[in-house]
>>> print(open('upload.cif').read())   # mmCIF, C-alpha atoms
data_start
loop_
_atom_site.label_atom_id
_atom_site.label_comp_id
_atom_site.auth_asym_id
_atom_site.auth_seq_id
_atom_site.Cartn_x
_atom_site.Cartn_y
_atom_site.Cartn_z
CA MET A 178 11.71 -30.52 13.06
CA ALA A 179 13.06 -34.00 12.61
CA GLN A 180 10.71 -34.97 9.82
CA ALA A 181 12.55 -36.89 7.13
CA SER A 182 12.60 -35.03 3.86
CA THR A 183 11.65 -38.22 2.03
CA ASP A 184 8.19 -37.95 3.61
CA GLN A 185 7.65 -34.59 2.03
CA ALA A 186 5.97 -34.33 -1.32
CA SER A 187 8.26 -32.94 -3.99
CA THR A 188 7.61 -29.41 -5.17
CA ASP A 189 6.82 -30.84 -8.63
CA GLN A 190 4.12 -32.96 -7.05
CA ILE A 191 2.76 -29.92 -5.21
CA TRP A 192 2.63 -27.86 -8.40
CA ALA A 193 0.66 -30.70 -9.96
CA TRP A 194 -1.79 -30.69 -7.05
CA LEU A 195 -2.15 -26.92 -7.24
CA ASP A 196 -2.88 -27.25 -10.94
CA GLU A 197 -6.05 -29.02 -9.91
CA VAL A 198 -7.28 -26.18 -7.70
CA PRO A 199 -9.83 -24.24 -9.77
CA ASP A 200 -10.03 -20.48 -9.83
CA PRO A 201 -13.24 -19.73 -7.90
CA GLU A 202 -14.49 -17.19 -10.47
CA ILE A 203 -13.45 -19.05 -13.63
CA PRO A 204 -13.47 -22.68 -12.49
CA VAL A 205 -12.38 -24.02 -15.88
CA ILE A 206 -8.81 -22.84 -15.24
CA SER A 207 -6.59 -23.61 -12.26
CA VAL A 208 -4.80 -21.20 -9.98
CA VAL A 209 -1.58 -22.33 -11.68
CA ASP A 210 -3.03 -21.60 -15.14
CA LEU A 211 -3.90 -18.13 -13.90
CA GLY A 212 -0.26 -17.52 -13.02
CA ILE A 213 -0.94 -16.43 -9.46
CA VAL A 214 1.08 -19.16 -7.72
CA ARG A 215 4.57 -17.66 -7.60
CA GLY A 216 6.46 -20.08 -5.41
CA VAL A 217 6.29 -23.42 -3.61
CA GLU A 218 8.81 -24.06 -0.90
CA TRP A 219 9.28 -26.29 2.11
CA GLU A 220 10.48 -24.50 5.21
CA GLY A 221 11.00 -27.27 7.75
CA ASP A 222 7.65 -29.04 7.92
CA THR A 223 5.75 -26.01 6.69
CA LEU A 224 4.86 -25.67 3.05
CA THR A 225 4.94 -22.04 1.99
CA ILE A 226 2.97 -21.05 -1.09
CA ALA A 227 3.55 -17.58 -2.51
CA VAL A 228 0.42 -16.20 -4.15
CA THR A 229 0.06 -12.90 -5.98
CA PRO A 230 -3.29 -11.14 -6.42
CA THR A 231 -4.52 -10.49 -9.96
CA TYR A 232 -6.11 -7.14 -9.08
CA SER A 233 -5.41 -5.53 -5.74
CA GLY A 234 -9.09 -5.46 -4.80
CA CYS A 235 -10.08 -8.84 -6.20
CA PRO A 236 -12.56 -10.33 -3.71
CA ALA A 237 -11.59 -13.86 -4.76
CA THR A 238 -8.08 -13.52 -3.28
CA SER A 239 -8.96 -14.76 0.19
CA MET A 240 -11.07 -17.58 -1.19
CA ILE A 241 -8.17 -18.71 -3.40
CA ALA A 242 -5.89 -18.85 -0.35
CA MET A 243 -8.47 -20.94 1.47
CA ASP A 244 -8.98 -23.29 -1.51
CA ILE A 245 -5.23 -23.85 -1.81
CA GLU A 246 -4.94 -24.66 1.88
CA THR A 247 -7.90 -27.03 1.76
CA ALA A 248 -6.53 -28.87 -1.29
CA LEU A 249 -3.10 -29.33 0.29
CA HIS A 250 -4.58 -30.45 3.61
CA ALA A 251 -6.51 -33.05 1.63
CA GLN A 252 -3.18 -34.33 0.29
CA GLY A 253 -2.00 -34.81 3.85
CA ILE A 254 0.09 -31.68 4.24
CA ALA A 255 -0.59 -30.43 7.74
CA ARG A 256 1.17 -27.09 7.75
CA VAL A 257 0.53 -24.70 4.90
CA ALA A 258 1.44 -21.02 4.96
CA ILE A 259 0.12 -18.71 2.25
CA LYS A 260 2.34 -15.74 1.60
CA THR A 261 0.99 -12.80 -0.39
CA GLN A 262 3.57 -11.48 -2.78
CA ILE A 263 2.93 -8.37 -4.88
CA THR A 264 6.27 -8.16 -6.67
CA PRO A 265 6.58 -8.52 -9.57
CA PRO A 266 2.97 -7.49 -10.14
CA TRP A 267 0.74 -10.06 -11.82
CA THR A 268 0.32 -9.77 -15.55
CA SER A 269 -2.10 -11.59 -17.83
CA ASP A 270 1.03 -12.74 -19.74
CA TRP A 271 1.40 -15.33 -16.98
CA LEU A 272 -1.69 -17.22 -18.09
CA SER A 273 -0.54 -20.66 -19.22
CA PRO A 274 -1.11 -21.74 -22.85
CA LYS A 275 -3.37 -24.47 -21.45
CA GLY A 276 -5.27 -21.83 -19.46
CA ARG A 277 -5.72 -19.64 -22.54
CA ALA A 278 -7.15 -22.55 -24.53
CA LYS A 279 -9.49 -23.48 -21.69
CA LEU A 280 -10.70 -19.91 -21.34
CA GLU A 281 -11.68 -19.85 -24.98
CA SER A 282 -13.48 -23.18 -24.74
CA TYR A 283 -15.38 -21.62 -21.81
CA ASP A 284 -16.44 -18.74 -24.09
CA ILE A 285 -14.04 -16.23 -22.55
CA ALA A 286 -11.73 -14.68 -25.13
CA PRO A 287 -8.12 -14.84 -23.90
CA PRO A 288 -6.09 -11.61 -23.45
CA ARG A 289 -4.11 -10.12 -26.30
CA ALA A 290 -1.49 -7.40 -26.29
CA ALA A 291 -3.46 -5.64 -29.03
CA GLY A 292 -5.98 -4.77 -26.32
CA GLY A 293 -8.97 -6.71 -27.54
CA PRO A 294 -10.05 -10.25 -28.42
CA GLU A 295 -8.90 -11.80 -31.64
CA ARG A 296 -12.25 -13.40 -32.35
CA CYS A 297 -15.62 -14.32 -30.95
CA PRO A 298 -15.12 -17.38 -28.74
CA ARG A 299 -18.45 -18.82 -29.95
CA CYS A 300 -18.52 -18.38 -33.73
CA GLN A 301 -14.86 -17.41 -34.34
CA SER A 302 -15.84 -14.28 -36.27
CA THR A 303 -13.28 -11.48 -36.04
CA ALA A 304 -16.05 -8.86 -36.23
CA VAL A 305 -16.13 -7.89 -32.57
CA GLU A 306 -16.72 -4.65 -30.68
CA ARG A 307 -16.27 -3.52 -27.11
CA ILE A 308 -19.29 -2.99 -24.88
CA SER A 309 -17.43 -2.06 -21.71
CA GLN A 310 -13.87 -2.05 -20.42
CA PHE A 311 -15.10 -3.78 -17.29
CA GLY A 312 -17.08 -6.93 -16.68
CA SER A 313 -18.44 -9.37 -14.15
CA THR A 314 -15.09 -9.81 -12.36
CA PRO A 315 -12.09 -7.46 -12.10
CA CYS A 316 -10.19 -9.50 -14.70
CA LYS A 317 -12.78 -9.31 -17.48
CA ALA A 318 -14.26 -6.83 -19.96
CA GLN A 319 -17.43 -7.13 -22.04
CA TRP A 320 -17.36 -7.47 -25.80
CA ARG A 321 -19.89 -8.40 -28.46
CA CYS A 322 -19.72 -10.26 -31.74
CA THR A 323 -21.35 -8.29 -34.54
CA ASP A 324 -21.87 -11.46 -36.61
CA CYS A 325 -23.57 -13.83 -34.16
CA LEU A 326 -24.59 -10.86 -31.98
CA GLU A 327 -23.69 -12.67 -28.77
CA PRO A 328 -22.03 -10.69 -25.99
CA PHE A 329 -19.00 -12.40 -24.44
CA ASP A 330 -16.36 -11.92 -21.77
CA TYR A 331 -12.84 -10.89 -22.69
CA PHE A 332 -10.01 -11.55 -20.24
CA LYS A 333 -8.38 -8.11 -19.77
CA CYS A 334 -4.79 -7.76 -20.84
CA ILE A 335 -2.70 -6.06 -18.19
CA MET B 210 9.33 8.11 10.24
CA GLY B 211 6.63 10.64 10.98
CA ALA B 212 6.82 12.03 7.46
CA LEU B 213 6.73 8.59 5.85
CA PHE B 214 3.65 7.66 7.87
CA GLU B 215 1.97 10.91 6.77
CA PHE B 216 2.94 10.28 3.18
CA LEU B 217 1.47 6.76 3.27
CA LEU B 218 -1.74 8.06 4.81
CA ARG B 219 -2.03 10.52 1.94
CA GLN B 220 -1.65 7.73 -0.60
CA GLY B 221 -4.08 5.44 1.18
CA ASP B 222 -6.63 8.10 2.06
CA ASN B 223 -6.74 9.31 -1.55
CA THR B 224 -7.60 5.85 -2.81
CA LEU B 225 -9.92 5.09 0.11
CA VAL B 226 -11.98 8.27 -0.13
CA LEU B 227 -12.22 8.16 -3.92
CA GLY B 228 -12.90 4.43 -3.80
CA HIS B 229 -15.76 4.95 -1.38
CA ARG B 230 -17.20 7.84 -3.39
CA VAL B 231 -17.10 5.82 -6.59
CA SER B 232 -18.71 2.85 -4.84
CA GLU B 233 -21.69 5.09 -4.00
CA TRP B 234 -22.70 4.65 -7.66
CA CYS B 235 -23.20 0.94 -7.20
CA GLY B 236 -26.72 0.13 -8.36
CA THR B 237 -27.55 3.66 -9.53
CA ALA B 238 -25.32 4.36 -12.56
CA PRO B 239 -26.96 5.42 -15.83
CA ALA B 240 -26.30 2.07 -17.55
CA LEU B 241 -25.49 -1.42 -16.33
CA GLU B 242 -22.06 -1.43 -17.99
CA GLU B 243 -21.16 1.87 -16.35
CA ASP B 244 -22.40 0.61 -13.02
CA ILE B 245 -20.09 -2.39 -13.29
CA ALA B 246 -17.20 -0.23 -14.44
CA LEU B 247 -17.63 2.12 -11.47
CA ALA B 248 -17.87 -0.74 -8.99
CA ASN B 249 -14.73 -2.35 -10.43
CA THR B 250 -12.84 0.94 -10.30
CA ALA B 251 -13.88 1.37 -6.67
CA LEU B 252 -12.72 -2.17 -5.92
CA ASP B 253 -9.26 -1.52 -7.38
CA LEU B 254 -8.95 1.69 -5.36
CA ILE B 255 -9.98 0.01 -2.13
CA GLY B 256 -7.56 -2.85 -2.83
CA GLN B 257 -4.78 -0.30 -3.24
CA THR B 258 -5.88 1.33 0.01
CA LYS B 259 -5.32 -1.94 1.82
CA MET B 260 -1.70 -1.96 0.67
CA TRP B 261 -1.00 1.72 1.44
CA LEU B 262 -2.72 1.84 4.82
CA GLY B 263 -1.37 -1.60 5.72
CA LEU B 264 2.15 -0.30 5.22
CA ALA B 265 1.28 2.94 7.03
CA GLY B 266 0.22 0.92 10.07
CA GLU B 267 3.46 -1.08 9.99
CA ILE B 268 5.59 2.06 9.73
CA GLU B 269 3.68 3.71 12.55
CA GLY B 270 4.44 0.68 14.71
CA LYS B 271 1.45 0.99 17.03
CA GLY B 272 -0.27 -2.16 15.85
CA ARG B 273 -2.91 -0.42 13.78
CA SER B 274 -4.15 -2.37 10.76
CA ALA B 275 -5.41 -0.94 7.46
CA ASP B 276 -8.96 -1.44 8.76
CA ASP B 277 -8.16 0.39 12.01
CA LEU B 278 -6.86 3.33 10.03
CA ALA B 279 -9.77 3.34 7.63
CA TYR B 280 -12.55 2.96 10.17
CA HIS B 281 -11.29 4.45 13.40
CA ARG B 282 -9.99 7.86 12.47
CA ASP B 283 -12.09 10.99 12.34
CA VAL B 284 -12.14 13.75 9.71
CA TRP B 285 -9.14 15.68 11.05
CA ASP B 286 -6.91 12.63 10.77
CA PHE B 287 -7.66 12.05 7.08
CA ARG B 288 -5.04 13.15 4.57
CA ASN B 289 -6.80 12.91 1.22
CA LEU B 290 -7.06 15.62 -1.40
CA LEU B 291 -10.19 17.75 -1.09
CA LEU B 292 -10.97 16.97 -4.74
CA LEU B 293 -11.71 13.36 -3.84
CA GLU B 294 -14.07 13.88 -0.91
CA ARG B 295 -16.50 16.13 -2.75
CA PRO B 296 -19.88 14.56 -3.45
CA ASN B 297 -20.14 12.73 -6.76
CA GLY B 298 -22.54 15.10 -8.49
CA ASP B 299 -23.81 13.69 -11.77
CA PHE B 300 -22.18 10.91 -13.79
CA GLY B 301 -20.15 13.32 -15.91
CA HIS B 302 -18.92 15.15 -12.82
CA THR B 303 -17.81 11.85 -11.28
CA LEU B 304 -15.92 10.78 -14.40
CA LEU B 305 -14.29 14.17 -14.83
CA ARG B 306 -13.04 14.04 -11.23
CA GLN B 307 -11.78 10.52 -11.90
CA PHE B 308 -9.93 11.71 -15.00
CA LEU B 309 -8.30 14.68 -13.21
CA PHE B 310 -7.08 12.30 -10.50
CA ASP B 311 -6.06 9.43 -12.82
CA ALA B 312 -3.99 11.87 -14.86
CA PHE B 313 -2.12 12.72 -11.65
CA GLN B 314 -1.94 9.20 -10.28
CA VAL B 315 -0.33 7.65 -13.36
CA PRO B 316 2.82 9.83 -13.43
CA SER B 317 2.93 9.79 -9.64
CA LEU B 318 2.85 5.98 -9.38
CA ARG B 319 5.23 5.63 -12.30
CA ALA B 320 7.78 7.78 -10.44
CA LEU B 321 7.12 5.98 -7.14
CA GLN B 322 8.18 2.70 -8.77
CA ALA B 323 11.72 4.07 -8.42
CA SER B 324 11.22 4.95 -4.75
CA SER B 325 14.16 4.40 -2.40
CA HIS B 326 11.68 2.59 -0.14
CA PRO B 327 11.24 -0.89 -1.68
CA ARG B 328 7.75 -1.46 -0.23
CA VAL B 329 6.54 1.85 -1.65
CA ALA B 330 8.01 0.91 -5.02
CA GLU B 331 6.24 -2.48 -4.92
CA ILE B 332 2.84 -1.02 -4.16
CA ALA B 333 3.26 1.64 -6.83
CA ALA B 334 4.13 -0.98 -9.47
CA LYS B 335 1.02 -2.96 -8.61
CA ALA B 336 -1.28 0.06 -8.50
CA LEU B 337 0.08 1.63 -11.67
CA LYS B 338 -1.35 -1.09 -13.89
CA GLU B 339 -4.81 -0.47 -12.49
CA ALA B 340 -4.43 3.32 -12.66
CA LEU B 341 -3.48 3.12 -16.35
CA TYR B 342 -6.63 1.13 -17.03
CA HIS B 343 -8.75 3.65 -15.13
CA LEU B 344 -7.18 6.53 -17.03
CA GLU B 345 -7.98 4.92 -20.36
CA ARG B 346 -11.65 4.79 -19.45
CA SER B 347 -12.01 8.14 -17.66
CA ARG B 348 -10.23 9.89 -20.52
CA GLU B 349 -12.47 8.31 -23.16
CA THR B 350 -15.62 9.06 -21.21
CA VAL B 351 -14.69 12.70 -20.63
CA VAL B 352 -14.15 13.15 -24.37
CA ALA B 353 -17.38 11.33 -25.24
CA LEU B 354 -19.42 13.49 -22.86
CA GLY B 355 -17.62 16.79 -23.51
CA ASP B 356 -17.77 16.33 -27.27
CA GLY B 357 -21.25 14.83 -27.13
CA THR B 358 -24.36 16.95 -27.32
CA ALA B 359 -24.74 20.63 -26.48
CA GLN B 360 -26.35 19.59 -23.21
CA SER B 361 -23.67 17.08 -22.22
CA ASN B 362 -20.98 19.63 -23.09
CA GLN B 363 -22.66 22.18 -20.85
CA ILE B 364 -22.86 19.69 -17.97
CA MET B 365 -19.17 18.82 -18.33
CA GLN B 366 -18.18 22.48 -18.55
CA ARG B 367 -20.06 23.12 -15.32
CA ALA B 368 -18.32 20.17 -13.66
CA LEU B 369 -14.94 21.45 -14.78
CA ALA B 370 -15.64 24.88 -13.30
CA ALA B 371 -16.52 23.26 -9.98
CA LEU B 372 -13.57 20.83 -9.90
CA TRP B 373 -10.75 22.92 -11.34
CA PRO B 374 -10.00 24.93 -8.16
CA TYR B 375 -9.52 21.61 -6.36
CA THR B 376 -6.76 20.35 -8.68
CA GLY B 377 -4.02 22.71 -7.48
CA GLU B 378 -3.73 20.94 -4.11
CA MET B 379 -2.14 17.93 -5.83
CA PHE B 380 0.96 19.98 -6.62
CA ILE B 381 1.40 22.18 -3.53
CA ALA B 382 4.34 20.69 -1.66
CA ASP B 383 4.70 20.96 2.10
CA ALA B 384 7.22 19.69 4.67
CA VAL B 385 6.06 16.07 4.22
CA ASP B 386 6.52 16.21 0.45
CA ASP B 387 9.91 17.88 0.84
CA ALA B 388 11.07 15.21 3.28
CA MET B 389 9.93 12.42 0.95
CA GLU B 390 11.72 14.01 -1.96
CA ALA B 391 14.91 14.51 0.08
CA GLU B 392 14.91 10.84 1.08
CA GLY B 393 14.26 9.70 -2.47
CA ILE B 394 11.00 8.09 -1.41
CA ALA B 395 8.77 10.19 -3.64
CA PRO B 396 9.26 12.52 -6.60
CA ALA B 397 8.99 16.29 -6.33
CA LEU B 398 5.37 17.21 -6.95
CA SER B 399 6.49 20.03 -9.22
CA ALA B 400 8.10 17.40 -11.45
CA LEU B 401 4.72 15.70 -11.97
CA ARG B 402 2.88 18.83 -12.98
CA PRO B 403 4.07 19.24 -16.60
CA GLU B 404 2.87 15.77 -17.60
CA TRP B 405 -0.45 16.28 -15.83
CA GLU B 406 -0.98 19.69 -17.42
CA ALA B 407 -0.09 18.42 -20.88
CA LEU B 408 -2.42 15.43 -20.73
CA VAL B 409 -5.29 17.27 -19.04
CA ARG B 410 -5.18 20.18 -21.45
CA THR B 411 -4.98 17.89 -24.48
CA VAL B 412 -7.93 15.79 -23.36
CA LEU B 413 -10.06 18.75 -22.31
CA ALA B 414 -9.44 20.39 -25.68
CA GLU B 415 -10.43 17.14 -27.39
CA ALA B 416 -13.55 17.15 -25.21
CA MET B 417 -14.40 20.69 -26.41
CA LEU B 418 -14.08 22.01 -22.86
CA THR B 419 -12.55 25.33 -21.85
CA VAL B 420 -10.08 25.26 -18.99
CA PRO B 421 -11.03 27.88 -16.41
CA GLU B 422 -8.63 30.75 -15.89
CA GLY B 423 -6.84 31.43 -12.65
CA ASP B 424 -4.80 29.22 -10.37
CA PHE B 425 -6.67 29.55 -7.08
CA ALA B 426 -6.39 26.27 -5.20
CA HIS B 427 -8.51 25.08 -2.32
CA GLN B 428 -6.29 23.27 0.15
CA GLY B 429 -6.30 21.69 3.57
CA GLY B 430 -7.16 18.10 2.68
CA LYS B 431 -3.80 16.43 2.47
CA SER B 432 -2.49 18.35 5.48
CA GLY B 433 -5.71 17.60 7.35
CA LYS B 434 -6.02 21.25 8.39
CA GLN B 435 -9.39 21.84 6.82
CA HIS B 436 -11.52 19.25 5.10
CA THR B 437 -14.83 20.14 3.49
CA GLU B 438 -18.02 19.43 5.40
CA HIS B 439 -18.66 16.55 3.01
CA LEU B 440 -15.99 14.23 4.40
CA GLY B 441 -17.69 13.85 7.79
CA HIS B 442 -20.94 12.81 6.15
CA MET B 443 -19.10 10.31 3.99
CA LEU B 444 -17.27 8.82 6.98
CA ALA B 445 -20.54 8.54 8.88
CA ALA B 446 -21.79 6.17 6.19
CA MET B 447 -18.48 4.41 5.58
CA GLN B 448 -17.54 3.86 9.22
CA PHE B 449 -20.94 3.12 10.69
CA LEU B 450 -20.76 -0.64 10.76
CA PRO B 451 -17.33 -1.23 12.37
CA ARG B 452 -18.04 1.51 14.91
CA ALA B 453 -21.50 0.27 15.87
CA TYR B 454 -20.41 -3.37 15.82
CA PRO B 455 -16.72 -3.33 16.73
CA ASP B 456 -16.48 -7.11 16.76
CA ALA B 457 -17.95 -7.58 13.30
CA ARG B 458 -15.77 -9.73 11.03
CA TRP B 459 -16.12 -10.81 7.43
#
>>> encode(input="upload.cif", output="structure tokens")
Amino acid sequence: MAQASTDQASTDQIWAWLDEVPDPEIPVISVVDLGIVRGVEWEGDTLTIAVTPTYSGCPATSMIAMDIETALHAQGIARVAIKTQITPPWTSDWLSPKGRAKLESYDIAPPRAAGGPERCPRCQSTAVERISQFGSTPCKAQWRCTDCLEPFDYFKCI
Amino acid sequence: MGALFEFLLRQGDNTLVLGHRVSEWCGTAPALEEDIALANTALDLIGQTKMWLGLAGEIEGKGRSADDLAYHRDVWDFRNLLLLERPNGDFGHTLLRQFLFDAFQVPSLRALQASSHPRVAEIAAKALKEALYHLERSRETVVALGDGTAQSNQIMQRALAALWPYTGEMFIADAVDDAMEAEGIAPALSALRPEWEALVRTVLAEAMLTVPEGDFAHQGGKSGKQHTEHLGHMLAAMQFLPRAYPDARW
């Protein structure tokens, strides 16, 4: 491939573009915020993006790959290869600080090592209790605020 | 290579068969939250299946994909534990089975992270996180139901009597297990038993349940020699679509 490297977008630029690709289940955060983009690399004229699944059965995985490809095609990158990488396994520690803040503003309590939300994302009360360890997507659990009585999603800590 | 393929089928068939069984609860669980929890557990297990059977197909080298292995084998080619193919029974029965398996899967996957086969180690590391989460829930639910009302305790005791003779198969090693241990791919099954016993007995005591006496173990699932009649019925439902419509694609 004789393509001049100066024509190729820098990996920094590509990370910035990927940071605008929303997670299909939680559109307020990007796939970069979620910590699932593990590598961006040019191999000749092919751009290889390494993506790791959050949960091994997450149905959004294939849609995320498609969204990433579509976004990069829109930036004029013709050849995109998505590589699934399972090592090291994804952890909720990889959520970006920006992603955590956005989750909370979207009424999803961000993950905490203590195993539960710090506070209700709506009224900020710390009086919260678990409803279920699982929720509407593989990455969330259901909690409830005992002050404002609203149920809310908690992003599971794994 | 033959033994590694067999070993991978055992891993993948365990998660596939249990995953399918658990998914049968979708829409019929006793409470919405439990319904969602069961569906999510099933999803994790089926995701793990994709990794195990995908690798099995690669090792076999005949071009079979995870889907081919899941949908185009018959009963005698399945290598799952008999425990996992039994019908769900009631909710408590399902969660007790889940607990007995999770308590095995956690130490097993933890040990497999140190496998001499890097791909096996990778899959184990990914699956372990999910298995730990499942164990947390199945353990709590078993205690809540066992130490609940007189009626719920009775139901759980009955489930334990039915399931207990199916737990021994997890620890009975055969030539495949011995080969995996010799190659450093998998731990000795006997090495996993003490942790399983300790956890299971602690939790069952907490749940006010009495462990049945005797060590009789039904076997024939992981070797494929003799499955229960239930597996064929399960496969009939699970495999119907890709067999009737071989060209169907998502």
>>> atom_distance(input="upload.cif", atom1="CA of Val208 in chain A", atom2="CA of Ala291 in chain A")
24.6 Å
>>> residues_around(input="upload.cif", residues="Leu272 in chain A", least_positions_apart="2", cutoff="7 Å", atoms="only C-alpha atoms", output="ChimeraX atom specification")
/A:210-212,269-270,274,276-277
>>> interface_residues(input="upload.cif", of="chain A", to="chain B", cutoff="10 Å", atoms="all atoms listed in the file", output="MDAnalysis selection string")
chainID A and resid 230:236 262:268 308:316 318:319 333:335
>>> residues_around(input="upload.cif", residues="Gly216 in chain A", least_positions_apart="3", cutoff="10 Å", atoms="only C-alpha atoms", output="JSON, numbers by chain")
{"A": [188, 192, 213, 225, 226, 227, 228, 229, 260, 262]}
>>> residues_around(input="upload.cif", residues="Leu326 in chain A", least_positions_apart="6", cutoff="12 Å", atoms="only C-alpha atoms", output="ChimeraX atom specification")
/A:297-302,304-306,308,320
>>> closest_residue(input="upload.cif", among="A:Trp194, A:Ser207, A:Ala186, A:Arg289", to="Glu246 in chain A", atoms="all atoms listed in the file")
A:Trp194
>>> residues_near_point(input="upload.cif", point="(4.3, 14.7, 10.8)", cutoff="12 Å", atoms="all atoms listed in the file", output="list in words")
Met210, Gly211, Ala212, Leu213, Phe214, Glu215, Phe216, Leu217, Leu218, Arg219, Glu269, Asp286, Arg288, Asp383, Ala384, Val385, Asp386, Asp387, Ala388, Met389, Lys431, Ser432 and Gly433 of chain B
>>> decode(input="upload.cif", residues="range 233-248 of chain A", atoms="N, CA, C and O atoms", output="compact mmCIF listing (two decimals), in the first residue's frame")
# COMPACT_ATOMS: atom_id res chain seq x y z
N SER A 233 -19.82 -10.93 28.51
CA SER A 233 -19.59 -11.79 27.35
C SER A 233 -20.84 -12.01 26.51
O SER A 233 -20.75 -12.30 25.34
N GLY A 234 -22.03 -11.84 27.13
CA GLY A 234 -23.24 -12.06 26.34
C GLY A 234 -23.95 -10.76 25.98
O GLY A 234 -25.11 -10.79 25.56
N CYS A 235 -23.27 -9.64 26.15
CA CYS A 235 -23.96 -8.36 25.91
C CYS A 235 -24.42 -8.25 24.46
O CYS A 235 -23.61 -8.29 23.53
N PRO A 236 -25.74 -8.11 24.25
CA PRO A 236 -26.26 -8.08 22.87
C PRO A 236 -25.85 -6.81 22.13
O PRO A 236 -25.98 -6.75 20.90
N ALA A 237 -25.36 -5.79 22.85
CA ALA A 237 -25.00 -4.54 22.18
C ALA A 237 -23.64 -4.64 21.48
O ALA A 237 -23.30 -3.76 20.68
N THR A 238 -22.87 -5.68 21.77
CA THR A 238 -21.51 -5.78 21.25
C THR A 238 -21.43 -5.63 19.72
O THR A 238 -20.61 -4.88 19.21
N SER A 239 -22.31 -6.34 19.01
CA SER A 239 -22.20 -6.29 17.55
C SER A 239 -22.67 -4.93 17.03
O SER A 239 -22.17 -4.43 16.02
N MET A 240 -23.62 -4.33 17.75
CA MET A 240 -24.09 -3.02 17.31
C MET A 240 -22.99 -1.97 17.53
O MET A 240 -22.81 -1.05 16.71
N ILE A 241 -22.25 -2.11 18.61
CA ILE A 241 -21.15 -1.17 18.89
C ILE A 241 -20.11 -1.26 17.77
O ILE A 241 -19.64 -0.24 17.27
N ALA A 242 -19.79 -2.48 17.35
CA ALA A 242 -18.80 -2.65 16.28
C ALA A 242 -19.30 -1.96 15.01
O ALA A 242 -18.55 -1.26 14.32
N MET A 243 -20.59 -2.12 14.74
CA MET A 243 -21.16 -1.52 13.54
C MET A 243 -21.15 0.01 13.64
O MET A 243 -20.81 0.70 12.69
N ASP A 244 -21.49 0.54 14.82
CA ASP A 244 -21.51 2.00 15.02
C ASP A 244 -20.11 2.59 14.85
O ASP A 244 -19.96 3.69 14.31
N ILE A 245 -19.12 1.89 15.35
CA ILE A 245 -17.74 2.38 15.23
C ILE A 245 -17.34 2.42 13.75
O ILE A 245 -16.80 3.42 13.27
N GLU A 246 -17.64 1.35 13.05
CA GLU A 246 -17.30 1.31 11.62
C GLU A 246 -17.99 2.44 10.86
O GLU A 246 -17.37 3.14 10.06
N THR A 247 -19.29 2.60 11.13
CA THR A 247 -20.05 3.64 10.43
C THR A 247 -19.47 5.02 10.70
O THR A 247 -19.30 5.83 9.78
N ALA A 248 -19.12 5.30 11.96
CA ALA A 248 -18.58 6.62 12.32
C ALA A 248 -17.26 6.86 11.61
O ALA A 248 -16.99 7.98 11.15
